[in-house]
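Chemist: Contents of final.cif (mmCIF, C-alpha atoms; chains and numbers go by the auth columns) are below:
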data_data
#
loop_
_atom_site.group_PDB
_atom_site.id
_atom_site.type_symbol
_atom_site.label_atom_id
_atom_site.label_comp_id
_atom_site.label_asym_id
_atom_site.label_seq_id
_atom_site.Cartn_x
_atom_site.Cartn_y
_atom_site.Cartn_z
_atom_site.B_iso_or_equiv
_atom_site.auth_seq_id
_atom_site.auth_asym_id
ATOM 1 C CA MET A 1 45.165 11.692 -46.179 0.00 1 A
ATOM 2 C CA ASN A 2 47.734 14.411 -46.675 0.00 2 A
ATOM 3 C CA PRO A 3 46.245 17.212 -48.849 0.00 3 A
ATOM 4 C CA TRP A 4 49.347 17.280 -51.076 0.00 4 A
ATOM 5 C CA VAL A 5 49.084 13.548 -51.748 0.00 5 A
ATOM 6 C CA ARG A 6 45.404 13.974 -52.603 0.00 6 A
ATOM 7 C CA TRP A 7 46.257 16.950 -54.855 0.00 7 A
ATOM 8 C CA CYS A 8 48.802 14.771 -56.706 0.00 8 A
ATOM 9 C CA LYS A 9 46.239 11.973 -57.120 0.00 9 A
ATOM 10 C CA PHE A 10 43.682 14.526 -58.334 0.00 10 A
ATOM 11 C CA ASN A 11 46.151 15.804 -60.925 0.00 11 A
ATOM 12 C CA LEU A 12 47.043 12.286 -62.067 0.00 12 A
ATOM 13 C CA VAL A 13 43.355 11.548 -62.683 0.00 13 A
ATOM 14 C CA GLY A 14 43.077 14.985 -64.285 0.00 14 A
ATOM 15 C CA ALA A 15 45.994 14.295 -66.627 0.00 15 A
ATOM 16 C CA VAL A 16 44.400 11.056 -67.806 0.00 16 A
ATOM 17 C CA GLY A 17 41.048 12.862 -67.997 0.00 17 A
ATOM 18 C CA MET A 18 42.667 15.573 -70.085 0.00 18 A
ATOM 19 C CA ALA A 19 43.823 12.936 -72.565 0.00 19 A
ATOM 20 C CA VAL A 20 40.294 11.467 -72.600 0.00 20 A
ATOM 21 C CA GLN A 21 38.810 14.926 -73.159 0.00 21 A
ATOM 22 C CA LEU A 22 41.238 15.944 -75.891 0.00 22 A
ATOM 23 C CA GLY A 23 40.844 12.582 -77.622 0.00 23 A
ATOM 24 C CA SER A 24 37.067 12.805 -77.413 0.00 24 A
ATOM 25 C CA LEU A 25 37.140 16.378 -78.667 0.00 25 A
ATOM 26 C CA ALA A 26 39.301 15.402 -81.635 0.00 26 A
ATOM 27 C CA LEU A 27 36.996 12.474 -82.371 0.00 27 A
ATOM 28 C CA PHE A 28 33.821 14.577 -82.206 0.00 28 A
ATOM 29 C CA ASN A 29 35.194 17.705 -83.891 0.00 29 A
ATOM 30 C CA ARG A 30 37.635 16.505 -86.522 0.00 30 A
ATOM 31 C CA TRP A 31 36.372 13.074 -87.458 0.00 31 A
ATOM 32 C CA ALA A 32 32.642 13.446 -86.842 0.00 32 A
ATOM 33 C CA GLY A 33 32.531 17.068 -88.014 0.00 33 A
ATOM 34 C CA VAL A 34 30.664 18.367 -84.948 0.00 34 A
ATOM 35 C CA HIS A 35 30.944 22.139 -84.239 0.00 35 A
ATOM 36 C CA TYR A 36 33.744 22.798 -81.745 0.00 36 A
ATOM 37 C CA LEU A 37 31.419 24.060 -78.974 0.00 37 A
ATOM 38 C CA TYR A 38 29.113 21.024 -79.204 0.00 38 A
ATOM 39 C CA ALA A 39 32.118 18.748 -79.509 0.00 39 A
ATOM 40 C CA SER A 40 33.656 20.393 -76.416 0.00 40 A
ATOM 41 C CA ALA A 41 30.464 19.844 -74.412 0.00 41 A
ATOM 42 C CA ALA A 42 30.222 16.177 -75.442 0.00 42 A
ATOM 43 C CA ALA A 43 33.916 15.556 -74.711 0.00 43 A
ATOM 44 C CA LEU A 44 33.526 17.227 -71.344 0.00 44 A
ATOM 45 C CA GLU A 45 30.630 14.945 -70.342 0.00 45 A
ATOM 46 C CA VAL A 46 32.629 11.847 -71.285 0.00 46 A
ATOM 47 C CA THR A 47 35.503 13.190 -69.191 0.00 47 A
ATOM 48 C CA LEU A 48 33.281 14.080 -66.221 0.00 48 A
ATOM 49 C CA LEU A 49 32.018 10.517 -65.993 0.00 49 A
ATOM 50 C CA HIS A 50 35.541 9.129 -66.418 0.00 50 A
ATOM 51 C CA ASN A 51 36.978 11.426 -63.740 0.00 51 A
ATOM 52 C CA PHE A 52 34.132 10.797 -61.285 0.00 52 A
ATOM 53 C CA VAL A 53 34.765 7.054 -61.326 0.00 53 A
ATOM 54 C CA TRP A 54 38.522 7.492 -60.828 0.00 54 A
ATOM 55 C CA HIS A 55 38.145 10.153 -58.128 0.00 55 A
ATOM 56 C CA LEU A 56 35.659 7.952 -56.297 0.00 56 A
ATOM 57 C CA HIS A 57 37.903 4.867 -56.368 0.00 57 A
ATOM 58 C CA TYR A 58 41.342 6.514 -56.257 0.00 58 A
ATOM 59 C CA THR A 59 41.574 10.181 -55.237 0.00 59 A
ATOM 60 C CA TRP A 60 38.942 10.111 -52.490 0.00 60 A
ATOM 61 C CA ARG A 61 38.882 6.342 -51.923 0.00 61 A
ATOM 62 C CA ASP A 62 39.125 6.865 -48.154 0.00 62 A
ATOM 63 C CA ARG A 63 35.877 8.850 -48.270 0.00 63 A
ATOM 64 C CA GLN A 64 33.909 6.366 -50.370 0.00 64 A
ATOM 65 C CA ASP A 65 30.307 5.939 -49.298 0.00 65 A
ATOM 66 C CA ASN A 66 28.367 3.591 -51.576 0.00 66 A
ATOM 67 C CA SER A 67 25.060 4.684 -50.082 0.00 67 A
ATOM 68 C CA ALA A 68 25.780 8.215 -51.304 0.00 68 A
ATOM 69 C CA LEU A 69 26.916 7.309 -54.824 0.00 69 A
ATOM 70 C CA PHE A 70 24.070 9.037 -56.656 0.00 70 A
ATOM 71 C CA SER A 71 24.273 12.163 -54.499 0.00 71 A
ATOM 72 C CA GLN A 72 28.046 12.292 -55.025 0.00 72 A
ATOM 73 C CA LEU A 73 27.578 11.988 -58.792 0.00 73 A
ATOM 74 C CA LEU A 74 24.956 14.745 -58.670 0.00 74 A
ATOM 75 C CA ARG A 75 27.217 17.007 -56.574 0.00 75 A
ATOM 76 C CA PHE A 76 30.127 16.238 -58.928 0.00 76 A
ATOM 77 C CA HIS A 77 28.083 17.366 -61.918 0.00 77 A
ATOM 78 C CA LEU A 78 26.722 20.414 -60.094 0.00 78 A
ATOM 79 C CA SER A 79 30.189 21.526 -59.023 0.00 79 A
ATOM 80 C CA ASN A 80 32.952 20.192 -61.245 0.00 80 A
ATOM 81 C CA GLY A 81 30.564 19.813 -64.154 0.00 81 A
ATOM 82 C CA LEU A 82 29.267 23.374 -64.031 0.00 82 A
ATOM 83 C CA VAL A 83 32.724 24.870 -63.447 0.00 83 A
ATOM 84 C CA SER A 84 34.149 22.783 -66.281 0.00 84 A
ATOM 85 C CA PHE A 85 31.271 23.409 -68.690 0.00 85 A
ATOM 86 C CA ALA A 86 31.076 27.153 -68.032 0.00 86 A
ATOM 87 C CA GLY A 87 34.828 27.609 -67.872 0.00 87 A
ATOM 88 C CA ASN A 88 35.617 25.405 -70.860 0.00 88 A
ATOM 89 C CA LEU A 89 32.908 26.729 -73.129 0.00 89 A
ATOM 90 C CA ALA A 90 33.538 30.388 -72.249 0.00 90 A
ATOM 91 C CA LEU A 91 37.290 30.052 -72.612 0.00 91 A
ATOM 92 C CA MET A 92 36.939 28.003 -75.810 0.00 92 A
ATOM 93 C CA ARG A 93 34.815 30.761 -77.338 0.00 93 A
ATOM 94 C CA VAL A 94 37.333 33.437 -76.340 0.00 94 A
ATOM 95 C CA LEU A 95 40.438 31.485 -77.305 0.00 95 A
ATOM 96 C CA VAL A 96 39.182 29.895 -80.542 0.00 96 A
ATOM 97 C CA ALA A 97 36.829 32.542 -81.947 0.00 97 A
ATOM 98 C CA GLY A 98 38.559 35.558 -80.409 0.00 98 A
ATOM 99 C CA ALA A 99 42.258 34.677 -80.251 0.00 99 A
ATOM 100 C CA HIS A 100 42.139 32.211 -83.192 0.00 100 A
ATOM 101 C CA MET A 101 43.943 29.487 -81.253 0.00 101 A
ATOM 102 C CA PRO A 102 43.779 25.871 -82.400 0.00 102 A
ATOM 103 C CA VAL A 103 40.878 23.990 -80.788 0.00 103 A
ATOM 104 C CA LEU A 104 42.974 21.419 -78.895 0.00 104 A
ATOM 105 C CA ALA A 105 45.458 23.994 -77.534 0.00 105 A
ATOM 106 C CA ALA A 106 42.604 26.238 -76.380 0.00 106 A
ATOM 107 C CA ASN A 107 40.913 23.294 -74.690 0.00 107 A
ATOM 108 C CA GLY A 108 44.114 22.368 -72.844 0.00 108 A
ATOM 109 C CA ILE A 109 44.336 25.904 -71.437 0.00 109 A
ATOM 110 C CA ALA A 110 40.668 25.826 -70.429 0.00 110 A
ATOM 111 C CA ILE A 111 41.123 22.511 -68.593 0.00 111 A
ATOM 112 C CA LEU A 112 44.079 23.823 -66.596 0.00 112 A
ATOM 113 C CA CYS A 113 42.218 27.001 -65.614 0.00 113 A
ATOM 114 C CA CYS A 114 39.339 25.014 -64.087 0.00 114 A
ATOM 115 C CA SER A 115 41.525 22.495 -62.226 0.00 115 A
ATOM 116 C CA LEU A 116 42.131 24.265 -58.904 0.00 116 A
ATOM 117 C CA VAL A 117 38.488 25.232 -58.420 0.00 117 A
ATOM 118 C CA ASN A 118 37.407 21.670 -59.198 0.00 118 A
ATOM 119 C CA PHE A 119 39.823 20.187 -56.646 0.00 119 A
ATOM 120 C CA CYS A 120 38.522 22.458 -53.891 0.00 120 A
ATOM 121 C CA LEU A 121 34.894 21.652 -54.718 0.00 121 A
ATOM 122 C CA GLY A 122 35.641 17.930 -54.864 0.00 122 A
ATOM 123 C CA ASN A 123 37.505 17.945 -51.579 0.00 123 A
ATOM 124 C CA GLU A 124 35.108 20.143 -49.617 0.00 124 A
ATOM 125 C CA TRP A 125 31.704 19.226 -51.043 0.00 125 A
ATOM 126 C CA VAL A 126 31.516 16.267 -53.429 0.00 126 A
ATOM 127 C CA PHE A 127 33.685 13.791 -51.539 0.00 127 A
ATOM 128 C CA THR A 128 33.496 15.435 -48.146 0.00 128 A
ATOM 129 C CA ALA A 129 34.777 13.478 -45.175 0.00 129 A
ATOM 130 C CA LYS A 130 32.128 11.876 -43.012 0.00 130 A
ATOM 131 C CA ARG A 131 31.452 13.942 -39.920 0.00 131 A
ATOM 132 C CA GLN A 132 32.000 12.201 -36.620 0.00 132 A
ATOM 133 C CA THR A 133 29.187 12.749 -34.148 0.00 133 A
ATOM 134 C CA VAL A 134 30.180 13.520 -30.597 0.00 134 A
ATOM 135 C CA GLN A 135 28.148 11.730 -27.973 0.00 135 A
ATOM 136 C CA GLY A 136 28.057 13.189 -24.532 0.00 136 A
#
So that I can check it, write out the structure of this file as structure tokens.
Modeler:
Amino acid sequence: MNPWVRWCKFNLVGAVGMAVQLGSLALFNRWAGVHYLYASAAALEVTLLHNFVWHLHYTWRDRQDNSALFSQLLRFHLSNGLVSFAGNLALMRVLVAGAHMPVLAANGIAILCCSLVNFCLGNEWVFTAKRQTVQG
């Protein structure tokens, strides 16, 4: 698949995931009264699971390998999850506590900052193309 087409699919899933994350964050933080850092972590996990399913069946559909589902989920959490958790939580702390930005605006900025790194990790490690073996 053309890398630009895949990048567009990745961003479409990411845009929907961003809505899921912001909605979850609002639900956990505003309506449930959970501290913004805990609420951010919980919203991020909901979004990670949402995005994994869509990336598996849409963005990297051509690389789907049902036998590797658990290892792909593990790699997704170890790569995109860690980048998103570390990036989101660090940036949320800086932007909310330091710059006094509103929680949802700060989270939107944090999501965008992690996007490019997550695409590269997804493309090169999580949903890597199957290697063809050369027989001679």
Chemist: Would you work out the distance separating CA of Leu104 (chain A) from CA of Leu121 (chain A), expressed in Å to one decimal?
Modeler: 25.5 Å
Chemist: Suppose a student applies the PyMOL selection byres ((chain A and resi 123) around 12) to this structure; what residues should they get, written as a PyMOL selection string?
Modeler: chain A and resi 1-4+6-7+9-10+55-56+59-63+72+75-76+79-80+116-122+124-130
Chemist: Could you spell out the hits of the PyMOL selection byres ((chain A and resi 95) around 12) on the shown file, as a count of residues only?
Modeler: 25
Chemist: Taking (34.6, 15.8, -67.7) in the file's own coordinates, collect the residues within 10 Å, counting all atoms listed in the file, and hand them back as a list in words.
Modeler: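 Returned residue set, sorted by chain then number, is Gly14, Gly17, Met18, Val20, Gln21, Ser40, Ala41, Ala42, Ala43, Leu44, Glu45, Val46, Thr47, Leu48, Leu49, His50, Asn51, Phe52, Phe76, His77, Asn80, Gly81, Leu82, Ser84, Phe85 and Ile111 of chain A.
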Chemist: For the atom pair CA of Val13 (chain A) and CA of Leu112 (chain A), what is the interatomic distance in Å to one decimal place?
Modeler: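 These atoms are spaced 12.9 Å apart.
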Chemist: Nearest residue to Leu73 (chain A) out of A:Ala86, A:Val53, A:Ala15, A:Val34, using all atoms listed in the file?
Modeler: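 Comparing A:Ala86, A:Val53, A:Ala15, A:Val34 against Leu73 (chain A), the winner is A:Val53.
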Chemist: One decimal, Å: what's the distance from CA of Leu27 (chain A) over to CA of Leu78 (chain A), could you say?
Modeler: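 Distance between the two atoms: 25.8 Å.
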